[in-house]
$ cat run-v1.pdb   # PDB, C-alpha atoms and all ligand atoms
ATOM      1  CA  MET A   1       5.766 -51.962 -41.960
ATOM      2  CA  ASP A   2       3.896 -49.684 -44.357
ATOM      3  CA  ARG A   3       0.762 -51.545 -43.590
ATOM      4  CA  PHE A   4       1.305 -51.072 -39.851
ATOM      5  CA  THR A   5       1.632 -47.267 -40.168
ATOM      6  CA  SER A   6      -1.515 -47.129 -42.344
ATOM      7  CA  VAL A   7      -3.444 -49.001 -39.653
ATOM      8  CA  LEU A   8      -2.163 -46.531 -37.054
ATOM      9  CA  LEU A   9      -3.152 -43.574 -39.232
ATOM     10  CA  VAL A  10      -6.686 -44.889 -39.744
ATOM     11  CA  ALA A  11      -7.027 -45.715 -36.021
ATOM     12  CA  GLY A  12      -5.793 -42.215 -35.128
ATOM     13  CA  LEU A  13      -8.232 -40.533 -37.484
ATOM     14  CA  GLY A  14     -11.005 -42.790 -36.164
ATOM     15  CA  CYS A  15     -10.305 -41.788 -32.543
ATOM     16  CA  PHE A  16     -10.243 -38.129 -33.544
ATOM     17  CA  ALA A  17     -13.598 -38.457 -35.349
ATOM     18  CA  LEU A  18     -15.082 -40.302 -32.354
ATOM     19  CA  ALA A  19     -13.911 -37.595 -29.922
ATOM     20  CA  PHE A  20     -15.271 -34.937 -32.276
ATOM     21  CA  VAL A  21     -18.721 -36.539 -32.388
ATOM     22  CA  LEU A  22     -18.787 -37.335 -28.646
ATOM     23  CA  SER A  23     -17.924 -33.813 -27.538
ATOM     24  CA  GLY A  24     -20.976 -32.591 -29.407
ATOM     25  CA  LEU A  25     -23.209 -35.524 -28.553
ATOM     26  CA  TYR A  26     -22.430 -35.839 -24.854
ATOM     27  CA  PRO A  27     -23.604 -32.352 -23.770
ATOM     28  CA  TRP A  28     -26.729 -32.835 -25.863
ATOM     29  CA  LEU A  29     -27.441 -36.205 -24.240
ATOM     30  CA  ILE A  30     -27.060 -34.920 -20.679
ATOM     31  CA  THR A  31     -29.259 -31.869 -21.227
ATOM     32  CA  ASP A  32     -32.728 -32.357 -19.833
ATOM     33  CA  ALA A  33     -35.074 -31.515 -22.712
ATOM     34  CA  LYS A  34     -37.954 -30.827 -20.297
ATOM     35  CA  GLN A  35     -36.036 -28.158 -18.439
ATOM     36  CA  THR A  36     -36.494 -24.761 -20.106
ATOM     37  CA  GLU A  37     -33.596 -22.401 -20.609
ATOM     38  CA  ALA A  38     -33.131 -20.042 -17.626
ATOM     39  CA  THR A  39     -33.197 -16.308 -18.314
ATOM     40  CA  ILE A  40     -30.420 -13.896 -17.432
ATOM     41  CA  ALA A  41     -32.606 -12.364 -14.715
ATOM     42  CA  GLU A  42     -32.905 -15.822 -13.139
ATOM     43  CA  VAL A  43     -29.202 -16.599 -13.154
ATOM     44  CA  ALA A  44     -28.417 -13.135 -11.772
ATOM     45  CA  TYR A  45     -31.048 -13.395  -9.012
ATOM     46  CA  ASN A  46     -28.673 -14.501  -6.241
ATOM     47  CA  VAL A  47     -26.152 -11.674  -6.158
ATOM     48  CA  THR A  48     -22.740 -13.040  -5.158
ATOM     49  CA  THR A  49     -21.026 -11.644  -2.045
ATOM     50  CA  GLU A  50     -18.009 -10.850  -4.195
ATOM     51  CA  PHE A  51     -20.101  -8.653  -6.495
ATOM     52  CA  LYS A  52     -21.358  -6.682  -3.480
ATOM     53  CA  GLN A  53     -17.774  -6.282  -2.283
ATOM     54  CA  LEU A  54     -16.817  -4.701  -5.630
ATOM     55  CA  LYS A  55     -18.867  -1.618  -4.752
ATOM     56  CA  GLU A  56     -16.972  -1.087  -1.502
ATOM     57  CA  MET A  57     -13.597  -1.816  -3.048
ATOM     58  CA  TYR A  58     -13.893   0.168  -6.284
ATOM     59  CA  PRO A  59     -16.644   2.764  -5.760
ATOM     60  CA  VAL A  60     -15.705   4.976  -8.728
ATOM     61  CA  ALA A  61     -15.527   2.205 -11.310
ATOM     62  CA  PHE A  62     -18.691   0.658  -9.836
ATOM     63  CA  ALA A  63     -20.643   3.912 -10.171
ATOM     64  CA  ASP A  64     -19.457   4.269 -13.785
ATOM     65  CA  ALA A  65     -20.313   0.699 -14.637
ATOM     66  CA  TYR A  66     -23.882   0.232 -13.406
ATOM     67  CA  PRO A  67     -26.847   2.545 -13.909
ATOM     68  CA  THR A  68     -28.458   1.389 -10.626
ATOM     69  CA  ALA A  69     -25.228   1.719  -8.611
ATOM     70  CA  ASP A  70     -26.545   4.526  -6.381
ATOM     71  CA  GLU A  71     -29.475   2.436  -5.197
ATOM     72  CA  CYS A  72     -27.315  -0.596  -4.340
ATOM     73  CA  LEU A  73     -26.763  -0.447  -0.569
ATOM     74  CA  THR A  74     -23.640  -2.100   0.808
ATOM     75  CA  ASP A  75     -23.583  -3.733   4.248
ATOM     76  CA  ARG A  76     -22.037  -0.530   5.574
ATOM     77  CA  ASP A  77     -24.879   1.565   4.112
ATOM     78  CA  LEU A  78     -27.464  -0.822   5.555
ATOM     79  CA  ALA A  79     -25.908  -0.665   9.009
ATOM     80  CA  SER A  80     -26.248   3.118   9.046
ATOM     81  CA  ALA A  81     -29.673   3.390   7.328
ATOM     82  CA  ASP A  82     -32.874   3.675   9.391
ATOM     83  CA  ASP A  83     -35.171   0.652   9.499
ATOM     84  CA  ASP A  84     -37.873   2.511   7.564
ATOM     85  CA  ASP A  85     -35.465   4.037   5.033
ATOM     86  CA  PRO A  86     -37.252   3.745   1.658
ATOM     87  CA  ARG A  87     -33.950   2.934  -0.068
ATOM     88  CA  ARG A  88     -33.943  -0.473   1.635
ATOM     89  CA  ALA A  89     -36.874  -1.668  -0.469
ATOM     90  CA  GLN A  90     -35.209  -0.776  -3.770
ATOM     91  CA  SER A  91     -31.779  -2.066  -2.911
ATOM     92  CA  ASP A  92     -32.300  -5.762  -3.724
ATOM     93  CA  ASP A  93     -33.735  -5.032  -7.156
ATOM     94  CA  ALA A  94     -30.955  -2.535  -7.874
ATOM     95  CA  TRP A  95     -28.335  -5.152  -6.989
ATOM     96  CA  ARG A  96     -29.985  -7.733  -9.222
ATOM     97  CA  ALA A  97     -30.197  -5.317 -12.152
ATOM     98  CA  ALA A  98     -26.517  -4.376 -11.762
ATOM     99  CA  HIS A  99     -25.541  -8.045 -11.394
ATOM    100  CA  ALA A 100     -27.458  -9.061 -14.545
ATOM    101  CA  PHE A 101     -25.799  -6.235 -16.470
ATOM    102  CA  ALA A 102     -22.343  -7.186 -15.161
ATOM    103  CA  LEU A 103     -22.737 -10.876 -16.006
ATOM    104  CA  GLN A 104     -23.762 -10.168 -19.571
ATOM    105  CA  ALA A 105     -21.055  -7.573 -20.197
ATOM    106  CA  GLY A 106     -18.464  -9.738 -18.428
ATOM    107  CA  ARG A 107     -19.340 -12.726 -20.526
ATOM    108  CA  ASP A 108     -19.079 -10.581 -23.700
ATOM    109  CA  THR A 109     -15.615  -9.470 -22.647
ATOM    110  CA  TYR A 110     -14.627 -13.080 -21.887
ATOM    111  CA  VAL A 111     -15.525 -13.877 -25.501
ATOM    112  CA  ALA A 112     -13.980 -10.718 -26.994
ATOM    113  CA  GLU A 113     -10.667 -11.108 -25.146
ATOM    114  CA  ALA A 114     -10.475 -14.768 -26.194
ATOM    115  CA  CYS A 115     -10.116 -16.030 -22.620
ATOM    116  CA  TRP A 116     -11.733 -19.220 -23.983
ATOM    117  CA  HIS A 117      -8.655 -19.741 -26.137
ATOM    118  CA  CYS A 118      -6.685 -20.769 -23.031
ATOM    119  CA  HIS A 119      -9.435 -21.690 -20.560
ATOM    120  CA  SER A 120     -12.043 -24.426 -20.800
ATOM    121  CA  GLN A 121     -15.359 -24.390 -18.949
ATOM    122  CA  PHE A 122     -16.072 -28.072 -18.909
ATOM    123  CA  VAL A 123     -15.015 -30.351 -16.065
ATOM    124  CA  ARG A 124     -15.385 -33.816 -17.595
ATOM    125  CA  PRO A 125     -16.378 -37.004 -15.777
ATOM    126  CA  VAL A 126     -13.011 -38.642 -16.549
ATOM    127  CA  ALA A 127      -9.459 -38.912 -15.253
ATOM    128  CA  ASN A 128     -10.169 -37.527 -11.762
ATOM    129  CA  GLU A 129     -10.716 -34.050 -13.162
ATOM    130  CA  THR A 130     -12.799 -33.223 -10.099
ATOM    131  CA  GLN A 131      -9.657 -33.348  -7.991
ATOM    132  CA  ARG A 132      -8.154 -30.517 -10.028
ATOM    133  CA  PHE A 133     -11.141 -28.423 -11.018
ATOM    134  CA  GLY A 134     -14.060 -29.217  -8.682
ATOM    135  CA  ARG A 135     -17.464 -30.671  -9.482
ATOM    136  CA  ILE A 136     -18.291 -32.041 -12.939
ATOM    137  CA  ARG A 137     -20.113 -29.668 -15.264
ATOM    138  CA  VAL A 138     -23.912 -30.074 -15.029
ATOM    139  CA  PRO A 139     -26.524 -29.125 -17.653
ATOM    140  CA  ALA A 140     -27.676 -26.133 -15.541
ATOM    141  CA  ASP A 141     -24.252 -24.560 -16.080
ATOM    142  CA  GLU A 142     -25.090 -23.854 -19.697
ATOM    143  CA  ASN A 143     -28.861 -24.288 -19.932
ATOM    144  CA  ASN A 144     -29.367 -20.549 -19.550
ATOM    145  CA  ALA A 145     -29.376 -17.483 -21.777
ATOM    146  CA  LEU A 146     -26.085 -16.207 -20.381
ATOM    147  CA  GLN A 147     -23.974 -19.188 -21.400
ATOM    148  CA  ARG A 148     -24.987 -19.316 -25.075
ATOM    149  CA  PRO A 149     -22.998 -20.419 -26.955
ATOM    150  CA  MET A 150     -21.354 -22.529 -24.283
ATOM    151  CA  MET A 151     -17.697 -21.782 -23.611
ATOM    152  CA  PHE A 152     -16.192 -25.253 -23.862
ATOM    153  CA  GLY A 153     -12.923 -23.582 -24.808
ATOM    154  CA  THR A 154     -10.490 -24.895 -27.376
ATOM    155  CA  ARG A 155      -7.648 -26.087 -25.148
ATOM    156  CA  ARG A 156      -6.374 -25.900 -21.600
ATOM    157  CA  VAL A 157      -3.381 -23.626 -21.409
ATOM    158  CA  GLY A 158      -4.731 -22.354 -18.067
ATOM    159  CA  PRO A 159      -7.019 -24.061 -15.535
ATOM    160  CA  ASP A 160     -10.657 -24.934 -16.220
ATOM    161  CA  LEU A 161     -12.915 -22.118 -14.928
ATOM    162  CA  THR A 162     -16.230 -24.012 -14.483
ATOM    163  CA  ASN A 163     -16.096 -23.584 -10.699
ATOM    164  CA  GLU A 164     -14.110 -20.351 -10.474
ATOM    165  CA  GLY A 165     -16.835 -18.478  -8.527
ATOM    166  CA  GLY A 166     -15.733 -17.718  -4.962
ATOM    167  CA  LYS A 167     -12.405 -19.533  -5.377
ATOM    168  CA  ARG A 168     -10.299 -16.359  -5.338
ATOM    169  CA  SER A 169     -10.908 -12.910  -3.866
ATOM    170  CA  ASN A 170     -11.672  -9.863  -6.042
ATOM    171  CA  ASP A 171      -8.336  -8.263  -5.265
ATOM    172  CA  TRP A 172      -6.566 -11.479  -6.274
ATOM    173  CA  HIS A 173      -8.242 -11.177  -9.695
ATOM    174  CA  VAL A 174      -7.318  -7.498  -9.968
ATOM    175  CA  ALA A 175      -3.673  -8.210  -9.094
ATOM    176  CA  HIS A 176      -3.666 -11.193 -11.476
ATOM    177  CA  PHE A 177      -5.027  -9.227 -14.454
ATOM    178  CA  SER A 178      -2.533  -6.443 -13.931
ATOM    179  CA  ASP A 179       0.432  -8.831 -13.638
ATOM    180  CA  PRO A 180      -0.261 -12.590 -13.720
ATOM    181  CA  THR A 181       3.289 -13.434 -12.635
ATOM    182  CA  GLY A 182       2.732 -11.417  -9.436
ATOM    183  CA  THR A 183       0.182 -13.945  -8.135
ATOM    184  CA  SER A 184       1.258 -17.005 -10.129
ATOM    185  CA  PRO A 185       5.045 -17.084 -10.603
ATOM    186  CA  GLY A 186       5.989 -18.186 -14.112
ATOM    187  CA  SER A 187       2.471 -17.634 -15.503
ATOM    188  CA  ILE A 188       2.206 -17.203 -19.267
ATOM    189  CA  MET A 189      -1.199 -15.533 -19.093
ATOM    190  CA  PRO A 190      -0.936 -12.065 -20.701
ATOM    191  CA  ALA A 191      -1.267  -8.937 -18.506
ATOM    192  CA  TYR A 192      -4.546  -7.170 -19.294
ATOM    193  CA  THR A 193      -3.170  -3.643 -18.914
ATOM    194  CA  TRP A 194      -6.204  -2.141 -20.667
ATOM    195  CA  PHE A 195      -8.363  -3.305 -17.754
ATOM    196  CA  PHE A 196      -6.838  -0.475 -15.677
ATOM    197  CA  ARG A 197      -6.906   3.302 -15.553
ATOM    198  CA  ASP A 198      -5.298   6.011 -13.456
ATOM    199  CA  GLY A 199      -6.548   7.048 -10.028
ATOM    200  CA  HIS A 200      -5.527   7.594  -6.407
ATOM    201  CA  GLN A 201      -5.295   4.995  -3.709
ATOM    202  CA  VAL A 202      -4.263   4.375  -0.090
ATOM    203  CA  PHE A 203      -1.118   2.324   0.445
ATOM    204  CA  ARG A 204       0.318   0.754   3.570
ATOM    205  CA  THR A 205       4.071   1.227   3.774
ATOM    206  CA  ILE A 206       6.246  -1.353   5.476
ATOM    207  CA  ASP A 207       7.664  -1.061   9.005
ATOM    208  CA  PRO A 208      11.414  -0.361   8.504
ATOM    209  CA  ASP A 209      12.408  -2.755  11.325
ATOM    210  CA  SER A 210      10.505  -5.693   9.946
ATOM    211  CA  ALA A 211      11.700  -4.784   6.443
ATOM    212  CA  GLU A 212      15.261  -5.102   7.627
ATOM    213  CA  ARG A 213      14.559  -8.352   9.486
ATOM    214  CA  THR A 214      12.857  -9.980   6.533
ATOM    215  CA  GLY A 215      14.987  -8.472   3.775
ATOM    216  CA  ILE A 216      12.055  -6.716   2.043
ATOM    217  CA  ALA A 217      12.860  -3.335   0.456
ATOM    218  CA  THR A 218      11.619  -0.425   2.625
ATOM    219  CA  SER A 219      10.150   1.157  -0.524
ATOM    220  CA  ARG A 220       7.631  -1.710  -0.741
ATOM    221  CA  ARG A 221       3.984  -0.528  -0.452
ATOM    222  CA  TYR A 222       0.851  -2.636  -0.118
ATOM    223  CA  PRO A 223      -2.353  -1.329  -1.735
ATOM    224  CA  VAL A 224      -5.464  -1.018   0.423
ATOM    225  CA  PRO A 225      -8.395  -1.988  -1.900
ATOM    226  CA  GLY A 226     -10.260   1.008  -3.362
ATOM    227  CA  VAL A 227      -9.217   3.317  -6.201
ATOM    228  CA  TYR A 228     -10.581   6.880  -6.318
ATOM    229  CA  ALA A 229     -10.832   9.523  -9.028
ATOM    230  CA  THR A 230      -9.464  12.398  -6.946
ATOM    231  CA  GLN A 231      -6.789  12.806  -4.327
ATOM    232  CA  ALA A 232      -9.375  14.231  -1.882
ATOM    233  CA  ASP A 233     -11.478  11.046  -2.106
ATOM    234  CA  ALA A 234      -8.382   8.945  -1.441
ATOM    235  CA  GLU A 235      -7.520  11.151   1.583
ATOM    236  CA  ALA A 236     -11.044  10.518   2.919
ATOM    237  CA  ALA A 237     -10.508   6.768   2.455
ATOM    238  CA  LEU A 238      -7.201   7.065   4.329
ATOM    239  CA  GLN A 239      -9.075   8.763   7.176
ATOM    240  CA  ARG A 240     -11.587   5.909   7.264
ATOM    241  CA  ALA A 241      -8.840   3.258   7.278
ATOM    242  CA  SER A 242      -7.058   5.192  10.022
ATOM    243  CA  ASP A 243     -10.235   5.482  12.141
ATOM    244  CA  ALA A 244     -10.781   1.746  11.770
ATOM    245  CA  THR A 245      -7.290   0.892  13.064
ATOM    246  CA  PRO A 246      -7.382   0.019  16.810
ATOM    247  CA  ASP A 247      -5.623   2.368  19.265
ATOM    248  CA  ASN A 248      -3.001  -0.198  20.236
ATOM    249  CA  LEU A 249      -1.850  -0.227  16.597
ATOM    250  CA  SER A 250      -1.414   3.538  16.354
ATOM    251  CA  THR A 251       1.964   3.190  14.589
ATOM    252  CA  GLU A 252       0.079   1.311  11.825
ATOM    253  CA  ARG A 253      -1.891   4.491  11.124
ATOM    254  CA  LYS A 254       1.281   6.408  10.379
ATOM    255  CA  ARG A 255       2.150   3.920   7.668
ATOM    256  CA  LEU A 256      -0.893   4.767   5.578
ATOM    257  CA  VAL A 257      -0.143   7.061   2.640
ATOM    258  CA  VAL A 258      -2.043   8.234  -0.421
ATOM    259  CA  GLY A 259      -0.411   7.681  -3.793
ATOM    260  CA  GLU A 260      -1.201   7.452  -7.474
ATOM    261  CA  SER A 261      -2.309   4.110  -8.794
ATOM    262  CA  GLU A 262      -4.119   2.294 -11.505
ATOM    263  CA  GLY A 263      -7.560   0.936 -10.680
ATOM    264  CA  PRO A 264      -9.756  -1.537 -12.568
ATOM    265  CA  THR A 265     -12.063  -0.199 -15.287
ATOM    266  CA  PRO A 266     -15.807  -0.930 -15.307
ATOM    267  CA  ASN A 267     -15.093  -3.650 -17.828
ATOM    268  CA  ALA A 268     -12.633  -5.340 -15.484
ATOM    269  CA  LEU A 269     -15.367  -5.354 -12.808
ATOM    270  CA  ASN A 270     -17.710  -7.036 -15.297
ATOM    271  CA  VAL A 271     -15.218  -9.824 -16.016
ATOM    272  CA  ILE A 272     -14.578 -10.331 -12.307
ATOM    273  CA  ALA A 273     -18.351 -10.462 -11.650
ATOM    274  CA  TYR A 274     -18.643 -13.130 -14.354
ATOM    275  CA  LEU A 275     -15.738 -15.183 -12.960
ATOM    276  CA  GLN A 276     -17.191 -14.946  -9.436
ATOM    277  CA  TRP A 277     -20.539 -16.200 -10.730
ATOM    278  CA  LEU A 278     -19.178 -19.252 -12.614
ATOM    279  CA  GLY A 279     -20.357 -22.474 -10.994
ATOM    280  CA  THR A 280     -22.530 -20.756  -8.364
ATOM    281  CA  TRP A 281     -25.804 -21.150 -10.257
ATOM    282  CA  THR A 282     -27.711 -24.463 -10.081
ATOM    283  CA  ASP A 283     -31.178 -25.619 -11.043
ATOM    284  CA  ASP A 284     -32.163 -25.428  -7.367
ATOM    285  CA  ASP A 285     -31.820 -21.654  -7.607
ATOM    286  CA  ARG A 286     -34.530 -21.428 -10.267
ATOM    287  CA  ARG A 287     -37.368 -19.146  -9.308
ATOM    288  CA  GLU A 288     -39.500 -16.469 -10.871
ATOM    289  CA  PRO A 289     -37.683 -13.178 -10.607
ATOM    290  CA  GLN A 290     -39.853 -10.511  -8.971
ATOM    291  CA  GLN A 291     -40.378  -7.661 -11.366
TER     292      GLN A 291
HETATM  293  C1  LIG B 301      -2.296 -17.350 -23.304
HETATM  294  C2  LIG B 301      -3.278 -18.089 -22.529
HETATM  295  C3  LIG B 301      -4.227 -17.355 -21.585
HETATM  296  C4  LIG B 301      -5.161 -16.406 -21.877
HETATM  297  C5  LIG B 301      -5.439 -15.733 -23.230
HETATM  298  C6  LIG B 301      -5.870 -16.147 -20.659
HETATM  299  N1  LIG B 301      -5.373 -16.922 -19.646
HETATM  300 FE1  LIG B 301      -6.071 -16.996 -17.743
HETATM  301  N2  LIG B 301      -4.576 -18.285 -17.223
HETATM  302  C7  LIG B 301      -3.650 -18.794 -18.101
HETATM  303  C8  LIG B 301      -2.712 -19.619 -17.351
HETATM  304  C9  LIG B 301      -1.520 -20.366 -17.934
HETATM  305  C10 LIG B 301      -3.134 -19.603 -15.996
HETATM  306  C11 LIG B 301      -2.485 -20.322 -14.787
HETATM  307  C12 LIG B 301      -1.404 -19.459 -14.170
HETATM  308  C13 LIG B 301      -1.970 -18.201 -13.540
HETATM  309  O1  LIG B 301      -2.651 -18.270 -12.493
HETATM  310  O2  LIG B 301      -1.771 -17.102 -14.113
HETATM  311  C14 LIG B 301      -4.308 -18.746 -15.969
HETATM  312  C15 LIG B 301      -5.041 -18.484 -14.806
HETATM  313  C16 LIG B 301      -6.257 -17.817 -14.793
HETATM  314  C17 LIG B 301      -7.119 -17.710 -13.643
HETATM  315  C18 LIG B 301      -6.869 -18.305 -12.285
HETATM  316  C19 LIG B 301      -7.592 -19.619 -12.178
HETATM  317  C20 LIG B 301      -7.398 -20.230 -10.817
HETATM  318  O3  LIG B 301      -8.314 -20.091  -9.983
HETATM  319  O4  LIG B 301      -6.334 -20.809 -10.565
HETATM  320  C21 LIG B 301      -8.213 -16.967 -14.028
HETATM  321  C22 LIG B 301      -9.416 -16.598 -13.179
HETATM  322  C23 LIG B 301      -8.009 -16.600 -15.415
HETATM  323  N3  LIG B 301      -6.826 -17.136 -15.840
HETATM  324  C24 LIG B 301      -8.900 -15.835 -16.140
HETATM  325  C25 LIG B 301      -8.650 -15.398 -17.450
HETATM  326  C26 LIG B 301      -9.502 -14.455 -18.148
HETATM  327  C27 LIG B 301     -10.780 -13.843 -17.601
HETATM  328  C28 LIG B 301      -8.924 -14.260 -19.372
HETATM  329  C29 LIG B 301      -9.369 -13.306 -20.463
HETATM  330  C30 LIG B 301      -9.554 -11.901 -20.091
HETATM  331  C31 LIG B 301      -7.736 -15.110 -19.443
HETATM  332  N4  LIG B 301      -7.609 -15.777 -18.245
HETATM  333  C32 LIG B 301      -6.906 -15.240 -20.536
HETATM  334  C33 LIG B 301      -3.581 -18.588 -19.464
HETATM  335  C34 LIG B 301      -4.356 -17.672 -20.166
END

$ encode --input "run-v1.pdb" --output "structure tokens"
Amino acid sequence: MDRFTSVLLVAGLGCFALAFVLSGLYPWLITDAKQTEATIAEVAYNVTTEFKQLKEMYPVAFADAYPTADECLTDRDLASADDDDPRRAQSDDAWRAAHAFALQAGRDTYVAEACWHCHSQFVRPVANETQRFGRIRVPADENNALQRPMMFGTRRVGPDLTNEGGKRSNDWHVAHFSDPTGTSPGSIMPAYTWFFRDGHQVFRTIDPDSAERTGIATSRRYPVPGVYATQADAEAALQRASDATPDNLSTERKRLVVGESEGPTPNALNVIAYLQWLGTWTDDDRREPQQ
């Protein structure tokens, strides 16, 4: 019997050693030595739609976070700008500069907050992982200056994040960071309360009749994305939301109110930008960034 347990012990240690060597060897083997490492400017070149939305949703935090924020034109700005407006020409470069900054700072925060302690970034070609986490990790995912050292992670307490980009909306991430159990009942992910700061915001209150019908408390309010530094800015946002509500929904307008709230900090925007980028970059996107 003793002999049997010794054999098991040696076999166990052997498997552990093999896994240890393979998890270092495999990524090295699949990396194409001829392909040079992409720069941060290259991986940030295609600005994600979600990053552009962050400016509209959280204008104050966005302006604080990125030096080129003023020159980044949102779709709304572009719709109202003249065709020969000189700001059009600068806008793309400004977006790329802000995006590159956000990715780097977001990645630093991902490391500093030890997100990698609970999340892996490595969908393996085994055990139908693709069904849970999307496409298998490819060398391009880490053969770039942003993903050094690569964030394999140490274990999977939460889901693998290799393909997180575009999977959830920005406001889902904001709600999730502030209270993970609010979006994912029973979640053990910690609340990142330091990703938020005070501000003012527009809320939509609930129709008392439907509250009664559905059993939701009438005090329930739903935040309209966008957190502002002053009450006056929030009132202006309320006016915009009200103007955008069609006439046949005029009672909806009356349900908009301004209240105090906590909005994401610039750092939270960086992390969200990083999450929304994960898995969106491939070798096909390689090109010389225009300086
Ligand atoms: C104690 C472990 C733990 C830590 C630390 C942690 N998470 Fe999580 N995370 C989880 C768990 C568990 C889930 C699944 C339940 C849920 O959605 O909250 C999750 C879910 C997520 C999701 C949703 C993935 C999806 O699309 O379903 C994202 C994104 C995420 N975490 C990002 C982060 C980031 C960024 C950090 C660091 C700032 C972090 N997590 C830190 C445990 C953790």

$ resolve_selection --input "run-v1.pdb" --expression "the PyMOL selection byres (((chain A and resi 242-246) around 12) and not hetatm)" --output "MDAnalysis selection string"
chainID A and resid 202:204 224 235:241 247:258

$ atom_distance --input "run-v1.pdb" --atom1 "CA of Gln104 in chain A" --atom2 "CA of Leu146 in chain A"
6.5 Å

$ resolve_selection --input "run-v1.pdb" --expression "the PyMOL selection byres (((chain A and resi 268-276) around 6) and not hetatm)" --output "mmCIF file with C-alpha atoms, keeping the file's coordinate frame"
data_model
loop_
_atom_site.group_PDB
_atom_site.id
_atom_site.type_symbol
_atom_site.label_atom_id
_atom_site.label_comp_id
_atom_site.auth_asym_id
_atom_site.auth_seq_id
_atom_site.Cartn_x
_atom_site.Cartn_y
_atom_site.Cartn_z
ATOM 1 C CA PHE A 51 -20.101 -8.653 -6.495
ATOM 2 C CA ALA A 102 -22.343 -7.186 -15.161
ATOM 3 C CA LEU A 103 -22.737 -10.876 -16.006
ATOM 4 C CA ALA A 105 -21.055 -7.573 -20.197
ATOM 5 C CA GLY A 106 -18.464 -9.738 -18.428
ATOM 6 C CA GLU A 164 -14.110 -20.351 -10.474
ATOM 7 C CA GLY A 165 -16.835 -18.478 -8.527
ATOM 8 C CA GLY A 166 -15.733 -17.718 -4.962
ATOM 9 C CA PHE A 195 -8.363 -3.305 -17.754
ATOM 10 C CA PRO A 264 -9.756 -1.537 -12.568
ATOM 11 C CA THR A 265 -12.063 -0.199 -15.287
ATOM 12 C CA PRO A 266 -15.807 -0.930 -15.307
ATOM 13 C CA ASN A 267 -15.093 -3.650 -17.828
ATOM 14 C CA TRP A 277 -20.539 -16.200 -10.730
ATOM 15 C CA LEU A 278 -19.178 -19.252 -12.614
#

$ resolve_selection --input "run-v1.pdb" --expression "the PyMOL selection byres (((chain A and resi 135) around 10) and not hetatm)" --output "PyMOL selection string"
chain A and resi 122-125+129-134+136-138+162-163+279

$ residues_around --input "run-v1.pdb" --residues "range 32-44 of chain A" --least-positions-apart "4" --cutoff "12 Å" --atoms "only C-alpha atoms" --output "ChimeraX atom specification"
/A:26-28,48,51,92-105,107,138-148,273-274,276-291

$ atom_distance --input "run-v1.pdb" --atom1 "CA of Ser91 in chain A" --atom2 "CA of Cys72 in chain A"
4.9 Å

$ axis_aligned_box --input "run-v1.pdb" --around "ligand LIG 301 (chain B)" --padding-each-side "3 Å" --output "JSON"
{"center_x": -6.1, "center_y": -16.4, "center_z": -16.6, "size_x": 15.4, "size_y": 14.9, "size_z": 19.3}

$ residues_near_ligand --input "run-v1.pdb" --ligand "ligand LIG 301 (chain B)" --cutoff "6 Å" --atoms "all atoms listed in the file" --output "VMD selection string"
chain A and resid 110 113 to 115 117 to 118 157 to 159 164 180 184 187 to 189

$ closest_residue --input "run-v1.pdb" --among "A:Val174, A:Ile216, A:Ala229, A:Cys15" --to "Ala191 in chain A" --atoms "all atoms listed in the file"
A:Val174

$ atom_distance --input "run-v1.pdb" --atom1 "CA of Tyr58 in chain A" --atom2 "CA of Leu73 in chain A"
14.1 Å

$ closest_residue --input "run-v1.pdb" --among "A:Phe4, A:Asp77, A:Trp116, A:Ser178" --to "Leu161 in chain A" --atoms "only C-alpha atoms"
A:Trp116

$ closest_residue --input "run-v1.pdb" --among "A:Arg213, A:Arg87, A:Lys55, A:His119" --to "Gly153 in chain A" --atoms "only C-alpha atoms"
A:His119

$ closest_residue --input "run-v1.pdb" --among "A:Ile206, A:Thr193, A:Pro86, A:Val10" --to "Asp179 in chain A" --atoms "all atoms listed in the file"
A:Thr193
